[in-house]
Amino acid sequence: MRYFYYDSIYWILLVPVLILSVYAQIKVSSSFNRYSKERNHRGVTGAQAAYAVLRAHGVNDVAIRPCAGKLTDHYDPRDNTIYLSQPVYNAATVAAVGVAAHEAGHAVQYALGYGPVKVRMAILPVTQFGSQFAFIALMLGIVLYVQPLFAIGIVLFSLTTLFQLVTLPVEFDASARALATIEGTALLDDGERKGAKKVLTAAALTYVAALLMSLLQLLRYLLIFAGRDSRRNR
């Protein structure tokens, strides 16, 4: 009975997390679309904003290049390059400045040796391994009813959850650096900064939702493991 009680808690918690996930996706898309139509008064493009953030932190060896797609902006530490999507790279909009400054914030984190970034890079190899084999171990453990194999799957899956947990401060810090630099260098005026903040806050919410979903899924696996183990020991 106790297992079914905790299992019902999982399903109850799942509903608001699913709602949050959908809301976050809608919010980031709507915020980006809205402020992509609002041209900033200084005419600063995304690429120029990224350069401004880098210069403000004394980082001069990072390349900035365009990439295909929408909301595909990212910083790649492997080639030390900031990739900005077409709606950001040459666009002089409020959204473009916010997104580009955020990605430049990531480049600054790597250049300055930001602690959570080091932790994330350290666990990345085991996280990639875990994400590839966790589902296989979990499914085989369930189908074959092999508890040790199922436990291995849970451990591997937990590595992904840990990675998402470490990612949160990395994303929040990148946005904080971006907004502080935007204000300090007057890239945007007061009203425009509020728009950029809304875009970045919406994006951060997607990471929160992803972490909560991963934690709930991990809880689900633990409940299944505990339930099967208790029935086996009766």
# chains A, B, ... in the order shown; residues from 1 in each chain; ligands from 1
>>> select_by_dssp(residues="region 15-207 of chain A", states="alpha helix (DSSP H)", output="PyMOL selection string")
chain A and resi 15-36+46-56+86-89+94-112+115-144+147-184+190-207
>>> closest_atom_pairs(of="region 46-162 of chain A", to="region 175-186 of chain A", cutoff="8 Å", atoms="only C-alpha atoms", output="tab-separated table")
residue	atom	partner	partner_atom	distance
A:Ala52	CA	A:Thr185	CA	7.9
A:Val53	CA	A:Thr181	CA	6.1
A:Ala56	CA	A:Thr181	CA	7.1
A:Gly98	CA	A:Ala178	CA	7.1
A:Ala101	CA	A:Ala178	CA	4.8
A:His102	CA	A:Ala178	CA	5.0
A:Ala104	CA	A:Ala178	CA	7.4
A:Gly105	CA	A:Ala178	CA	5.7
>>> residues_around(residues="Arg120 (chain A)", least_positions_apart="5", cutoff="9 Å", atoms="only C-alpha atoms", output="VMD selection string")
chain A and resid 115 163 to 164 166 to 167 170
>>> write_last_selection(atoms="C-alpha atoms", output="PDB file, in the first residue's frame")
ATOM      1  CA  GLY A 115      33.377  27.021 -10.756  1.00  0.00           C
ATOM      2  CA  PHE A 163      24.207  17.511 -14.939  1.00  0.00           C
ATOM      3  CA  GLN A 164      20.940  19.435 -15.247  1.00  0.00           C
ATOM      4  CA  VAL A 166      24.738  21.912 -12.191  1.00  0.00           C
ATOM      5  CA  THR A 167      23.532  23.596 -15.389  1.00  0.00           C
ATOM      6  CA  VAL A 170      25.639  28.209 -15.090  1.00  0.00           C
TER       7      VAL A 170
END
>>> residues_around(residues="region 129-142 of chain A", least_positions_apart="2", cutoff="8 Å", atoms="only C-alpha atoms", output="MDAnalysis selection string")
chainID A and resid 125:127 144:157 159:160
>>> atom_distance(atom1="CA of Leu218 (chain A)", atom2="CA of Leu205 (chain A)")
19.9 Å
>>> closest_residue(among="A:Pro169, A:Pro87, A:Pro16, A:Gly195", to="His106 (chain A)", atoms="only C-alpha atoms")
A:Pro169
>>> atom_distance(atom1="CA of Ala95 (chain A)", atom2="CA of Arg39 (chain A)")
8.7 Å
>>> residues_around(residues="region 24-33 of chain A", least_positions_apart="2", cutoff="10 Å", atoms="only C-alpha atoms", output="PyMOL selection string")
chain A and resi 18-22+35-38+70-71+87+94-96+98-99+195-210
>>> select_by_dssp(residues="region 7-192 of chain A", states="strand (DSSP E or B)", output="list in words")
Arg39, Ala63, Ile64, Arg65, Pro66, Cys67, His74, Tyr75, Asp76, Thr81, Ile82, Tyr83, Leu84, Ser85 and Thr93 of chain A
>>> write_last_selection(atoms="all heavy atoms", output="compact mmCIF listing (two decimals), in the first residue's frame")
# COMPACT_ATOMS: atom_id res chain seq x y z
N ARG A 39 13.07 46.93 -32.31
CA ARG A 39 14.42 47.38 -32.60
C ARG A 39 14.94 48.24 -31.45
O ARG A 39 14.24 49.10 -30.93
CB ARG A 39 14.44 48.19 -33.90
CG ARG A 39 15.84 48.65 -34.34
CD ARG A 39 15.77 49.38 -35.67
NE ARG A 39 17.08 49.90 -36.06
CZ ARG A 39 18.00 49.19 -36.67
NH1 ARG A 39 17.73 47.93 -37.01
NH2 ARG A 39 19.16 49.71 -36.99
N ALA A 63 35.69 33.70 -30.99
CA ALA A 63 35.11 34.01 -32.30
C ALA A 63 33.58 34.07 -32.18
O ALA A 63 32.99 33.45 -31.30
CB ALA A 63 35.51 32.94 -33.31
N ILE A 64 32.98 34.85 -33.08
CA ILE A 64 31.52 34.96 -33.12
C ILE A 64 31.08 34.71 -34.56
O ILE A 64 31.48 35.43 -35.47
CB ILE A 64 31.05 36.36 -32.66
CG1 ILE A 64 31.53 36.63 -31.23
CG2 ILE A 64 29.52 36.47 -32.74
CD1 ILE A 64 31.22 38.02 -30.75
N ARG A 65 30.26 33.68 -34.74
CA ARG A 65 29.86 33.30 -36.09
C ARG A 65 28.35 33.05 -36.15
O ARG A 65 27.73 32.68 -35.16
CB ARG A 65 30.60 32.02 -36.52
CG ARG A 65 32.12 32.16 -36.59
CD ARG A 65 32.74 30.97 -37.28
NE ARG A 65 34.19 31.12 -37.39
CZ ARG A 65 35.07 30.56 -36.58
NH1 ARG A 65 34.65 29.80 -35.58
NH2 ARG A 65 36.36 30.75 -36.76
N PRO A 66 27.76 33.24 -37.33
CA PRO A 66 26.32 32.95 -37.49
C PRO A 66 26.10 31.45 -37.64
O PRO A 66 26.99 30.70 -38.04
CB PRO A 66 25.98 33.69 -38.78
CG PRO A 66 27.25 33.71 -39.56
CD PRO A 66 28.36 33.84 -38.55
N CYS A 67 24.90 31.01 -37.29
CA CYS A 67 24.52 29.61 -37.49
C CYS A 67 23.06 29.56 -37.94
O CYS A 67 22.31 30.52 -37.78
CB CYS A 67 24.72 28.79 -36.21
SG CYS A 67 23.66 29.26 -34.83
N HIS A 74 24.37 29.36 -29.21
CA HIS A 74 25.11 28.65 -28.17
C HIS A 74 26.58 29.02 -28.22
O HIS A 74 27.08 29.53 -29.24
CB HIS A 74 24.96 27.14 -28.35
CG HIS A 74 25.54 26.61 -29.64
ND1 HIS A 74 24.91 26.77 -30.86
CD2 HIS A 74 26.70 25.96 -29.89
CE1 HIS A 74 25.64 26.21 -31.81
NE2 HIS A 74 26.75 25.72 -31.25
N TYR A 75 27.25 28.73 -27.12
CA TYR A 75 28.71 28.89 -27.09
C TYR A 75 29.32 27.49 -27.07
O TYR A 75 28.91 26.63 -26.27
CB TYR A 75 29.16 29.65 -25.84
CG TYR A 75 30.66 29.56 -25.58
CD1 TYR A 75 31.56 30.21 -26.42
CD2 TYR A 75 31.16 28.79 -24.53
CE1 TYR A 75 32.92 30.11 -26.22
CE2 TYR A 75 32.52 28.70 -24.31
CZ TYR A 75 33.41 29.35 -25.16
OH TYR A 75 34.77 29.24 -24.95
N ASP A 76 30.27 27.25 -27.96
CA ASP A 76 30.93 25.94 -28.05
C ASP A 76 32.36 26.08 -27.53
O ASP A 76 33.21 26.68 -28.19
CB ASP A 76 30.94 25.45 -29.49
CG ASP A 76 31.33 23.98 -29.60
OD1 ASP A 76 32.00 23.49 -28.67
OD2 ASP A 76 30.97 23.34 -30.59
N THR A 81 33.95 29.36 -29.69
CA THR A 81 33.18 30.17 -30.63
C THR A 81 31.74 30.36 -30.14
O THR A 81 31.13 29.40 -29.66
CB THR A 81 33.16 29.53 -32.03
OG1 THR A 81 34.50 29.43 -32.52
CG2 THR A 81 32.33 30.35 -33.00
N ILE A 82 31.25 31.58 -30.28
CA ILE A 82 29.85 31.86 -30.01
C ILE A 82 29.09 31.78 -31.33
O ILE A 82 29.44 32.46 -32.29
CB ILE A 82 29.67 33.28 -29.41
CG1 ILE A 82 30.37 33.37 -28.05
CG2 ILE A 82 28.19 33.62 -29.26
CD1 ILE A 82 30.42 34.78 -27.50
N TYR A 83 28.10 30.92 -31.38
CA TYR A 83 27.28 30.77 -32.59
C TYR A 83 25.93 31.45 -32.35
O TYR A 83 25.22 31.11 -31.41
CB TYR A 83 27.09 29.30 -32.93
CG TYR A 83 28.35 28.62 -33.40
CD1 TYR A 83 29.16 27.92 -32.51
CD2 TYR A 83 28.75 28.71 -34.73
CE1 TYR A 83 30.34 27.32 -32.94
CE2 TYR A 83 29.92 28.10 -35.17
CZ TYR A 83 30.71 27.40 -34.26
OH TYR A 83 31.86 26.80 -34.69
N LEU A 84 25.60 32.39 -33.23
CA LEU A 84 24.35 33.14 -33.12
C LEU A 84 23.46 32.85 -34.32
O LEU A 84 23.93 32.88 -35.46
CB LEU A 84 24.64 34.64 -33.03
CG LEU A 84 25.52 35.09 -31.84
CD1 LEU A 84 25.77 36.58 -31.91
CD2 LEU A 84 24.86 34.71 -30.51
N SER A 85 22.20 32.59 -34.05
CA SER A 85 21.24 32.28 -35.12
C SER A 85 20.97 33.52 -35.98
O SER A 85 21.30 34.65 -35.58
CB SER A 85 19.94 31.77 -34.52
OG SER A 85 19.36 32.77 -33.69
N THR A 93 17.79 44.07 -32.52
CA THR A 93 16.56 44.03 -31.72
C THR A 93 16.90 43.83 -30.25
O THR A 93 18.02 43.47 -29.89
CB THR A 93 15.64 42.89 -32.18
OG1 THR A 93 16.29 41.64 -31.92
CG2 THR A 93 15.33 43.01 -33.66
>>> closest_residue(among="A:Leu215, A:Val62, A:Ala107, A:Ile12", to="Leu165 (chain A)", atoms="only C-alpha atoms")
A:Leu215
>>> closest_residue(among="A:Thr161, A:Tyr51, A:Arg193, A:Val97", to="Gln217 (chain A)", atoms="only C-alpha atoms")
A:Thr161
>>> atom_distance(atom1="CA of Asn90 (chain A)", atom2="CA of Gly113 (chain A)")
29.2 Å
>>> closest_residue(among="A:Arg34, A:Leu211, A:Ala91, A:Tyr221", to="Leu162 (chain A)", atoms="only C-alpha atoms")
A:Leu211
>>> decode(residues="region 81-94 of chain A", atoms="all heavy atoms", output="short mmCIF file (atom, residue, chain, number, x, y, z; two decimals), in the first residue's frame")
data_model
loop_
_atom_site.label_atom_id
_atom_site.label_comp_id
_atom_site.auth_asym_id
_atom_site.auth_seq_id
_atom_site.Cartn_x
_atom_site.Cartn_y
_atom_site.Cartn_z
N THR A 81 33.95 29.36 -29.69
CA THR A 81 33.18 30.17 -30.63
C THR A 81 31.74 30.36 -30.14
O THR A 81 31.13 29.40 -29.66
CB THR A 81 33.16 29.53 -32.03
OG1 THR A 81 34.50 29.43 -32.52
CG2 THR A 81 32.33 30.35 -33.00
N ILE A 82 31.25 31.58 -30.28
CA ILE A 82 29.85 31.86 -30.01
C ILE A 82 29.09 31.78 -31.33
O ILE A 82 29.44 32.46 -32.29
CB ILE A 82 29.67 33.28 -29.41
CG1 ILE A 82 30.37 33.37 -28.05
CG2 ILE A 82 28.19 33.62 -29.26
CD1 ILE A 82 30.42 34.78 -27.50
N TYR A 83 28.10 30.92 -31.38
CA TYR A 83 27.28 30.77 -32.59
C TYR A 83 25.93 31.45 -32.35
O TYR A 83 25.22 31.11 -31.41
CB TYR A 83 27.09 29.30 -32.93
CG TYR A 83 28.35 28.62 -33.40
CD1 TYR A 83 29.16 27.92 -32.51
CD2 TYR A 83 28.75 28.71 -34.73
CE1 TYR A 83 30.34 27.32 -32.94
CE2 TYR A 83 29.92 28.10 -35.17
CZ TYR A 83 30.71 27.40 -34.26
OH TYR A 83 31.86 26.80 -34.69
N LEU A 84 25.60 32.39 -33.23
CA LEU A 84 24.35 33.14 -33.12
C LEU A 84 23.46 32.85 -34.32
O LEU A 84 23.93 32.88 -35.46
CB LEU A 84 24.64 34.64 -33.03
CG LEU A 84 25.52 35.09 -31.84
CD1 LEU A 84 25.77 36.58 -31.91
CD2 LEU A 84 24.86 34.71 -30.51
N SER A 85 22.20 32.59 -34.05
CA SER A 85 21.24 32.28 -35.12
C SER A 85 20.97 33.52 -35.98
O SER A 85 21.30 34.65 -35.58
CB SER A 85 19.94 31.77 -34.52
OG SER A 85 19.36 32.77 -33.69
N GLN A 86 20.38 33.30 -37.12
CA GLN A 86 20.12 34.40 -38.05
C GLN A 86 19.24 35.50 -37.45
O GLN A 86 19.49 36.69 -37.70
CB GLN A 86 19.46 33.85 -39.33
CG GLN A 86 20.37 32.93 -40.14
CD GLN A 86 21.65 33.63 -40.60
OE1 GLN A 86 21.67 34.83 -40.82
NE2 GLN A 86 22.73 32.86 -40.73
N PRO A 87 18.22 35.18 -36.62
CA PRO A 87 17.43 36.26 -36.02
C PRO A 87 18.17 37.03 -34.92
O PRO A 87 17.61 37.95 -34.34
CB PRO A 87 16.22 35.52 -35.42
CG PRO A 87 16.19 34.20 -36.10
CD PRO A 87 17.62 33.86 -36.37
N VAL A 88 19.41 36.65 -34.65
CA VAL A 88 20.18 37.29 -33.58
C VAL A 88 21.44 37.95 -34.11
O VAL A 88 21.76 39.09 -33.75
CB VAL A 88 20.54 36.26 -32.48
CG1 VAL A 88 21.53 36.86 -31.47
CG2 VAL A 88 19.29 35.77 -31.77
N TYR A 89 22.18 37.26 -34.96
CA TYR A 89 23.52 37.71 -35.37
C TYR A 89 23.53 39.13 -35.94
O TYR A 89 24.26 40.01 -35.46
CB TYR A 89 24.09 36.74 -36.41
CG TYR A 89 25.53 37.03 -36.77
CD1 TYR A 89 26.57 36.57 -35.98
CD2 TYR A 89 25.85 37.76 -37.91
CE1 TYR A 89 27.90 36.83 -36.30
CE2 TYR A 89 27.16 38.03 -38.25
CZ TYR A 89 28.18 37.55 -37.43
OH TYR A 89 29.49 37.83 -37.77
N ASN A 90 22.73 39.38 -36.95
CA ASN A 90 22.73 40.70 -37.60
C ASN A 90 21.51 41.55 -37.23
O ASN A 90 21.30 42.62 -37.80
CB ASN A 90 22.77 40.54 -39.12
CG ASN A 90 24.18 40.26 -39.63
OD1 ASN A 90 25.14 40.82 -39.11
ND2 ASN A 90 24.30 39.38 -40.61
N ALA A 91 20.72 41.08 -36.30
CA ALA A 91 19.49 41.79 -35.94
C ALA A 91 19.74 42.80 -34.83
O ALA A 91 20.38 42.48 -33.82
CB ALA A 91 18.41 40.79 -35.49
N ALA A 92 19.26 44.02 -35.01
CA ALA A 92 19.44 45.07 -34.00
C ALA A 92 18.16 45.18 -33.15
O ALA A 92 17.52 46.23 -33.08
CB ALA A 92 19.75 46.40 -34.67
N THR A 93 17.79 44.07 -32.52
CA THR A 93 16.56 44.03 -31.72
C THR A 93 16.90 43.83 -30.25
O THR A 93 18.02 43.47 -29.89
CB THR A 93 15.64 42.89 -32.18
OG1 THR A 93 16.29 41.64 -31.92
CG2 THR A 93 15.33 43.01 -33.66
N VAL A 94 15.90 44.04 -29.41
CA VAL A 94 16.07 43.85 -27.97
C VAL A 94 16.38 42.38 -27.67
O VAL A 94 17.27 42.07 -26.88
CB VAL A 94 14.81 44.31 -27.21
CG1 VAL A 94 14.88 43.91 -25.74
CG2 VAL A 94 14.62 45.81 -27.35
#
